[in-house]
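Participant: Could you have a look at this structure, given as structure tokens, before my questions?
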Amino acid sequence: MIHAAEANKPSSPAAAGMSTSPRGPFRRYRVSSATRSGLRFFLPVFALLSALITLWILATPLMAYPDEPSHTIKAAAVARGQFFPGPGESYGHGIHVQVPSYIANVQSQMCFAFHMQDTAGCAPDIPLDDNYLTIGVTSAGLYNPLYYWLVGLPSLFMSGAPAIFAMRIVSGLLSAAFYAAGLTALSRLRHPKWPLIAAGISTTPMVLFLASGINPNSLEVAASMAAFCGLVSVLENSRHLERARPGILTVGISAATLANTRNVSLLWLLCGAIVACLFFRRADISAIFRNRIVLTVTALTTVGIALGVAWNLLMLRAPASAGEAPAGISNVSGEVRPYNAFLTMMDKSFDFFGQYIGVAGWLDAPVPQGVIMFWNMLLVGLLLMVFLVRPYRLQGAFWVALAFLAVVPAVVQAALVNTTGFIWQGRYSLPLFAIALISAGLAMRFRPFRQRPQSRTITRVVLLAVCVAHVYAFLNVLRRYVVGLQEWGNWQTMFTVPGWQPPLSWEVLTVLFAAALLVSASKLFSYLYPSAELLPRLSRQIRRLRAVRKR
């Protein structure tokens, strides 16, 4: 909507961006050009991300996702109105809730977990009629119910494995929406190409895998990325906020959602806000708070954040064992001094990069070393390009983001070491990883983006290599569940004697995944080079076929 406070008083309703009919107090406002442009970018990006995530959902066996049984039980319970852990519902190993029997017993699907040589074929079928309410135990008893209520809705009218897959898809679509909103916000920058390339590099196989299961971790990563990108877009357009209205909404919705995922999420929000503000001047920061829309969204967002904080404070009085970690996760052994834990985490900073790139399953389905090497090459290349940025002050926010990635997880782990032990995994730091990589692109955003033939060729090769790396990672994770990861090469066994098959078969899923990746890469290439195509020969053949069909 176009407000008179943001511009000179309009001479007519049409000049104000309002529809001239119907007349009266219920006039409809036209969608602004900025919003229309944002939607044209958002919708195809959301569709492609949704397709990629859905294919990962189908390729991953049920309960082959970290802590998925506890989160599935929690989601089904919250959808049935069981929001708060009450007295007598905790017996030393989590919260007891009333859920359908097929959900209460999902732990039986984990027969292959932690045994990478075993296939997922050992998991029993989930009966469609096993719907009677019984006791389920979840270690996610203290988590905010917002995510779980949305994800648990399909369990109210579906049953068996289809219900759990539907719950996964709802979770995946939520993540896809926030990722797409973040990318849309970046597209509103005056120089968006390098930031979008950096965002593409941050979309590792691990990011897509994380979006495939029932766990608020993925929504936390996506909302952190969206809030950061939205704030950057708003700050850059501080003098012309009508261009940044999609970004304003993105910041508000993402921040409120993030505050209601996990109790540590507000820390990621704070880190992202600090890094975003470091890219701009104080005048830009103060200018946005003179806008009525920004103030309104800020007020509503504050209410959402306050509700998240209130939940965290309320859960401090919950039963002590309500949020107890699953067996094998908590590993406290004697008294460990926090500073020793901090130094240990700092020493292991680079060890987590493999998990940022891809370790699927219960840390028992790593992507191939070739994929790790390729992504490390992209990360090093991005780092080296930041070194070339001049003036040096443009690099400052990136180095702060990189420091946050190393230091903040170490501080959090040090604070928790004597209550939970060493529990930190790379996926917990993915919000900061995404912020750091996108910050690298933001530091380079004023660097000219060459349109020369050599540049197009290099970009084409890199994009196709990224597609190959994603497909290779996808296939290797499928191999882990179809025939198991053995000490010898067993790819041919996937064709001859598969021990497990996902819905549609692993062959069909792989072909669809590769096709979705090629379409995504083609769209990105056309955005970077409007007059060129990723696969020109293939595009010409497709156009010829279409012309023949029209005849």
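Each chain of the structure tokens is named A, B, ... in the order shown, its residues numbered from 1; ligands are numbered from 1 in display order.
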Pick out each residue of region 101-267 of chain A that DSSP on the backbone tags as alpha helix (DSSP H); I need them as an MDAnalysis selection string.

Facilitator: chainID A and resid 101:104 145:152 160:187 193:202 205:210 216:236 245:258 265:267

Participant: Would you mind exporting C-alpha atoms of the selected residues as an mmCIF file, in the first residue's frame?

Facilitator:
data_model
loop_
_atom_site.group_PDB
_atom_site.id
_atom_site.type_symbol
_atom_site.label_atom_id
_atom_site.label_comp_id
_atom_site.auth_asym_id
_atom_site.auth_seq_id
_atom_site.Cartn_x
_atom_site.Cartn_y
_atom_site.Cartn_z
ATOM 1 C CA SER A 101 -0.188 -45.593 18.526
ATOM 2 C CA TYR A 102 1.542 -45.515 15.125
ATOM 3 C CA ILE A 103 3.260 -42.282 16.155
ATOM 4 C CA ALA A 104 4.033 -43.405 19.697
ATOM 5 C CA PRO A 145 4.720 -25.305 20.241
ATOM 6 C CA LEU A 146 4.336 -22.999 17.185
ATOM 7 C CA TYR A 147 6.313 -25.136 14.724
ATOM 8 C CA TYR A 148 4.883 -28.381 16.087
ATOM 9 C CA TRP A 149 1.281 -27.232 15.847
ATOM 10 C CA LEU A 150 1.657 -26.461 12.136
ATOM 11 C CA VAL A 151 3.580 -29.643 11.349
ATOM 12 C CA GLY A 152 1.291 -31.873 13.405
ATOM 13 C CA GLY A 160 0.292 -44.289 9.057
ATOM 14 C CA ALA A 161 3.326 -43.502 6.924
ATOM 15 C CA PRO A 162 1.368 -41.088 4.650
ATOM 16 C CA ALA A 163 0.613 -38.919 7.699
ATOM 17 C CA ILE A 164 4.274 -38.738 8.710
ATOM 18 C CA PHE A 165 5.357 -37.944 5.151
ATOM 19 C CA ALA A 166 2.691 -35.206 5.046
ATOM 20 C CA MET A 167 4.045 -33.792 8.322
ATOM 21 C CA ARG A 168 7.513 -33.770 6.774
ATOM 22 C CA ILE A 169 6.245 -31.984 3.676
ATOM 23 C CA VAL A 170 4.562 -29.265 5.762
ATOM 24 C CA SER A 171 7.866 -28.756 7.593
ATOM 25 C CA GLY A 172 9.775 -28.667 4.307
ATOM 26 C CA LEU A 173 7.391 -26.147 2.749
ATOM 27 C CA LEU A 174 7.822 -23.845 5.749
ATOM 28 C CA SER A 175 11.591 -23.912 5.284
ATOM 29 C CA ALA A 176 11.288 -23.436 1.513
ATOM 30 C CA ALA A 177 9.077 -20.371 2.038
ATOM 31 C CA PHE A 178 11.613 -18.676 4.315
ATOM 32 C CA TYR A 179 14.575 -19.539 2.075
ATOM 33 C CA ALA A 180 12.686 -18.155 -0.923
ATOM 34 C CA ALA A 181 11.761 -15.008 1.034
ATOM 35 C CA GLY A 182 15.417 -14.464 1.936
ATOM 36 C CA LEU A 183 16.526 -14.841 -1.680
ATOM 37 C CA THR A 184 13.745 -12.503 -2.794
ATOM 38 C CA ALA A 185 14.956 -9.886 -0.313
ATOM 39 C CA LEU A 186 18.479 -10.172 -1.746
ATOM 40 C CA SER A 187 17.098 -9.685 -5.251
ATOM 41 C CA LYS A 193 24.237 -10.856 -8.093
ATOM 42 C CA TRP A 194 27.207 -11.577 -5.805
ATOM 43 C CA PRO A 195 24.983 -11.928 -2.700
ATOM 44 C CA LEU A 196 22.717 -14.364 -4.569
ATOM 45 C CA ILE A 197 25.732 -16.393 -5.714
ATOM 46 C CA ALA A 198 26.965 -16.555 -2.108
ATOM 47 C CA ALA A 199 23.476 -17.630 -0.972
ATOM 48 C CA GLY A 200 23.581 -20.374 -3.594
ATOM 49 C CA ILE A 201 26.913 -21.629 -2.225
ATOM 50 C CA SER A 202 25.436 -21.640 1.294
ATOM 51 C CA PRO A 205 23.384 -30.699 0.480
ATOM 52 C CA MET A 206 23.100 -30.526 4.277
ATOM 53 C CA VAL A 207 20.711 -27.570 4.027
ATOM 54 C CA LEU A 208 18.369 -29.502 1.734
ATOM 55 C CA PHE A 209 18.625 -32.645 3.862
ATOM 56 C CA LEU A 210 17.851 -30.700 7.056
ATOM 57 C CA PRO A 216 12.615 -27.175 14.014
ATOM 58 C CA ASN A 217 16.348 -26.977 13.239
ATOM 59 C CA SER A 218 15.679 -26.420 9.523
ATOM 60 C CA LEU A 219 13.069 -23.713 10.134
ATOM 61 C CA GLU A 220 15.569 -22.057 12.477
ATOM 62 C CA VAL A 221 18.211 -21.957 9.719
ATOM 63 C CA ALA A 222 15.757 -20.726 7.074
ATOM 64 C CA ALA A 223 14.203 -18.038 9.283
ATOM 65 C CA SER A 224 17.651 -16.790 10.380
ATOM 66 C CA MET A 225 18.725 -16.485 6.746
ATOM 67 C CA ALA A 226 15.477 -14.745 5.763
ATOM 68 C CA ALA A 227 15.597 -12.270 8.662
ATOM 69 C CA PHE A 228 19.210 -11.355 7.860
ATOM 70 C CA CYS A 229 18.611 -10.931 4.122
ATOM 71 C CA GLY A 230 15.410 -8.986 4.710
ATOM 72 C CA LEU A 231 17.129 -6.569 7.088
ATOM 73 C CA VAL A 232 19.963 -6.004 4.603
ATOM 74 C CA SER A 233 17.423 -5.234 1.875
ATOM 75 C CA VAL A 234 15.534 -2.788 4.108
ATOM 76 C CA LEU A 235 18.693 -0.983 5.199
ATOM 77 C CA GLU A 236 20.001 -0.592 1.652
ATOM 78 C CA ARG A 245 8.222 -3.692 1.391
ATOM 79 C CA PRO A 246 8.713 -7.438 0.762
ATOM 80 C CA GLY A 247 11.896 -7.170 2.822
ATOM 81 C CA ILE A 248 10.087 -5.405 5.664
ATOM 82 C CA LEU A 249 7.530 -8.202 5.873
ATOM 83 C CA THR A 250 10.276 -10.796 5.583
ATOM 84 C CA VAL A 251 12.146 -9.346 8.562
ATOM 85 C CA GLY A 252 9.024 -9.139 10.705
ATOM 86 C CA ILE A 253 7.661 -12.605 10.001
ATOM 87 C CA SER A 254 11.082 -14.258 10.124
ATOM 88 C CA ALA A 255 12.116 -12.627 13.397
ATOM 89 C CA ALA A 256 8.834 -13.503 15.126
ATOM 90 C CA THR A 257 9.007 -17.076 13.829
ATOM 91 C CA LEU A 258 12.652 -17.435 14.791
ATOM 92 C CA SER A 265 17.354 -18.830 18.134
ATOM 93 C CA LEU A 266 17.256 -15.292 19.508
ATOM 94 C CA LEU A 267 21.042 -15.421 19.608
#

Participant: Using only C-alpha atoms, which residue out of A:Thr510, A:Ser238, A:Asn263, A:Asn418 lies closest to Leu314 (chain A)?

Facilitator: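 Ranking A:Thr510, A:Ser238, A:Asn263, A:Asn418 by distance to Leu314 (chain A), first place goes to A:Asn263.
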
Participant: Hey, what's within 10 Å of Ile288 (chain A) if we count only C-alpha atoms and toss same-chain stuff fewer than 3 positions away? As JSON, numbers by chain, please?

Facilitator: {"A": [234, 235, 236, 237, 238, 239, 240, 241, 248, 283, 284, 285, 291, 292, 293, 294, 295]}

Participant: Give the answer as one residue: which of A:Leu52, A:Gly81, A:Phe114, A:Met444 has the shortest atom-to-atom distance to His470 (chain A), using only C-alpha atoms?

Facilitator: A:Leu52

Participant: Rank nothing, just name the residue among A:Val386, A:Val412, A:Leu464, A:Val417 nearest to Ala515 (chain A), using only C-alpha atoms.

Facilitator: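 Selected residue with least distance to Ala515 (chain A): A:Leu464.
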
Participant: Taking 5 positions as the minimum chain separation for residues in the same chain, which residues sit within 12 Å of Leu416 (chain A) when counting only C-alpha atoms? Answer as an NGL selection string.

Facilitator: :A and (264 or 330-332 or 335-339 or 341-342 or 409-411 or 421-424)

Participant: Kindly export the residues of the current selection with N, CA, C and O atoms, as a tab-separated table (two decimals), in the first residue's frame.

Facilitator:
chain	number	residue	atom	x	y	z
A	264	VAL	N	17.69	-20.92	21.71
A	264	VAL	CA	18.94	-20.29	21.28
A	264	VAL	C	18.75	-19.44	20.03
A	264	VAL	O	19.65	-18.71	19.63
A	330	SER	N	23.64	-36.88	25.37
A	330	SER	CA	24.28	-36.25	26.53
A	330	SER	C	25.44	-37.12	27.00
A	330	SER	O	25.29	-38.32	27.19
A	331	ASN	N	26.60	-36.52	27.16
A	331	ASN	CA	27.78	-37.31	27.50
A	331	ASN	C	28.64	-36.61	28.55
A	331	ASN	O	29.83	-36.42	28.38
A	332	VAL	N	27.98	-36.20	29.63
A	332	VAL	CA	28.71	-35.56	30.71
A	332	VAL	C	29.59	-36.59	31.40
A	332	VAL	O	29.13	-37.67	31.76
A	335	GLU	N	33.60	-33.27	35.99
A	335	GLU	CA	33.57	-31.82	35.94
A	335	GLU	C	34.47	-31.30	34.83
A	335	GLU	O	35.66	-31.59	34.81
A	336	VAL	N	33.91	-30.57	33.90
A	336	VAL	CA	34.68	-29.96	32.81
A	336	VAL	C	34.58	-28.45	32.97
A	336	VAL	O	33.49	-27.89	33.04
A	337	ARG	N	35.71	-27.79	33.01
A	337	ARG	CA	35.69	-26.34	33.17
A	337	ARG	C	35.22	-25.68	31.87
A	337	ARG	O	35.64	-26.08	30.78
A	338	PRO	N	34.38	-24.66	32.00
A	338	PRO	CA	33.84	-24.02	30.79
A	338	PRO	C	34.93	-23.51	29.85
A	338	PRO	O	34.77	-23.61	28.63
A	339	TYR	N	36.02	-22.97	30.39
A	339	TYR	CA	37.05	-22.45	29.48
A	339	TYR	C	37.72	-23.58	28.70
A	339	TYR	O	38.14	-23.39	27.56
A	341	ALA	N	36.08	-26.28	27.72
A	341	ALA	CA	35.09	-26.57	26.67
A	341	ALA	C	35.17	-25.54	25.55
A	341	ALA	O	35.07	-25.89	24.37
A	342	PHE	N	35.33	-24.27	25.92
A	342	PHE	CA	35.44	-23.21	24.92
A	342	PHE	C	36.65	-23.44	24.01
A	342	PHE	O	36.55	-23.36	22.78
A	409	PRO	N	29.15	-20.40	18.91
A	409	PRO	CA	28.89	-21.79	19.31
A	409	PRO	C	29.79	-22.27	20.45
A	409	PRO	O	29.35	-23.03	21.31
A	410	ALA	N	31.03	-21.80	20.44
A	410	ALA	CA	31.95	-22.20	21.52
A	410	ALA	C	31.48	-21.66	22.86
A	410	ALA	O	31.56	-22.36	23.89
A	411	VAL	N	30.98	-20.43	22.89
A	411	VAL	CA	30.48	-19.85	24.13
A	411	VAL	C	29.25	-20.61	24.62
A	411	VAL	O	29.12	-20.93	25.81
A	421	GLY	N	26.95	-31.95	28.56
A	421	GLY	CA	28.14	-32.52	27.94
A	421	GLY	C	28.42	-31.85	26.60
A	421	GLY	O	27.86	-30.82	26.27
A	422	PHE	N	29.28	-32.47	25.82
A	422	PHE	CA	29.60	-31.96	24.48
A	422	PHE	C	28.55	-32.47	23.50
A	422	PHE	O	28.58	-33.62	23.07
A	423	ILE	N	27.62	-31.61	23.16
A	423	ILE	CA	26.51	-32.02	22.29
A	423	ILE	C	26.53	-31.33	20.94
A	423	ILE	O	25.71	-31.63	20.08
A	424	TRP	N	27.45	-30.37	20.74
A	424	TRP	CA	27.35	-29.50	19.56
A	424	TRP	C	27.60	-30.27	18.28
A	424	TRP	O	28.52	-31.07	18.17

Participant: Could you please determine the separation between CA of Phe513 (chain A) and CA of Phe42 (chain A) in Å, to one decimal place?

Facilitator: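 Taking CA of Phe513 (chain A) as the start and CA of Phe42 (chain A) as the end point, the length is 20.3 Å.
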
Participant: For a quick check of understanding, using only C-alpha atoms, which of A:Ala310, A:Leu437, A:Met315, A:Ala414 has the smallest distance to Leu343 (chain A)?

Facilitator: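 Comparing A:Ala310, A:Leu437, A:Met315, A:Ala414 against Leu343 (chain A), the winner is A:Ala414.
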
Participant: From the set A:Pro69, A:Gly308, A:Gly358, A:Pro154, which residue has the shortest atom-to-atom contact distance to Tyr472 (chain A), counting only C-alpha atoms?

Facilitator: A:Gly358

Participant: Point out the residue among A:Val309, A:Ala299, A:Gln425, A:Arg281 with the least atom-to-atom distance to Leu394 (chain A), counting only C-alpha atoms.

Facilitator: A:Arg281
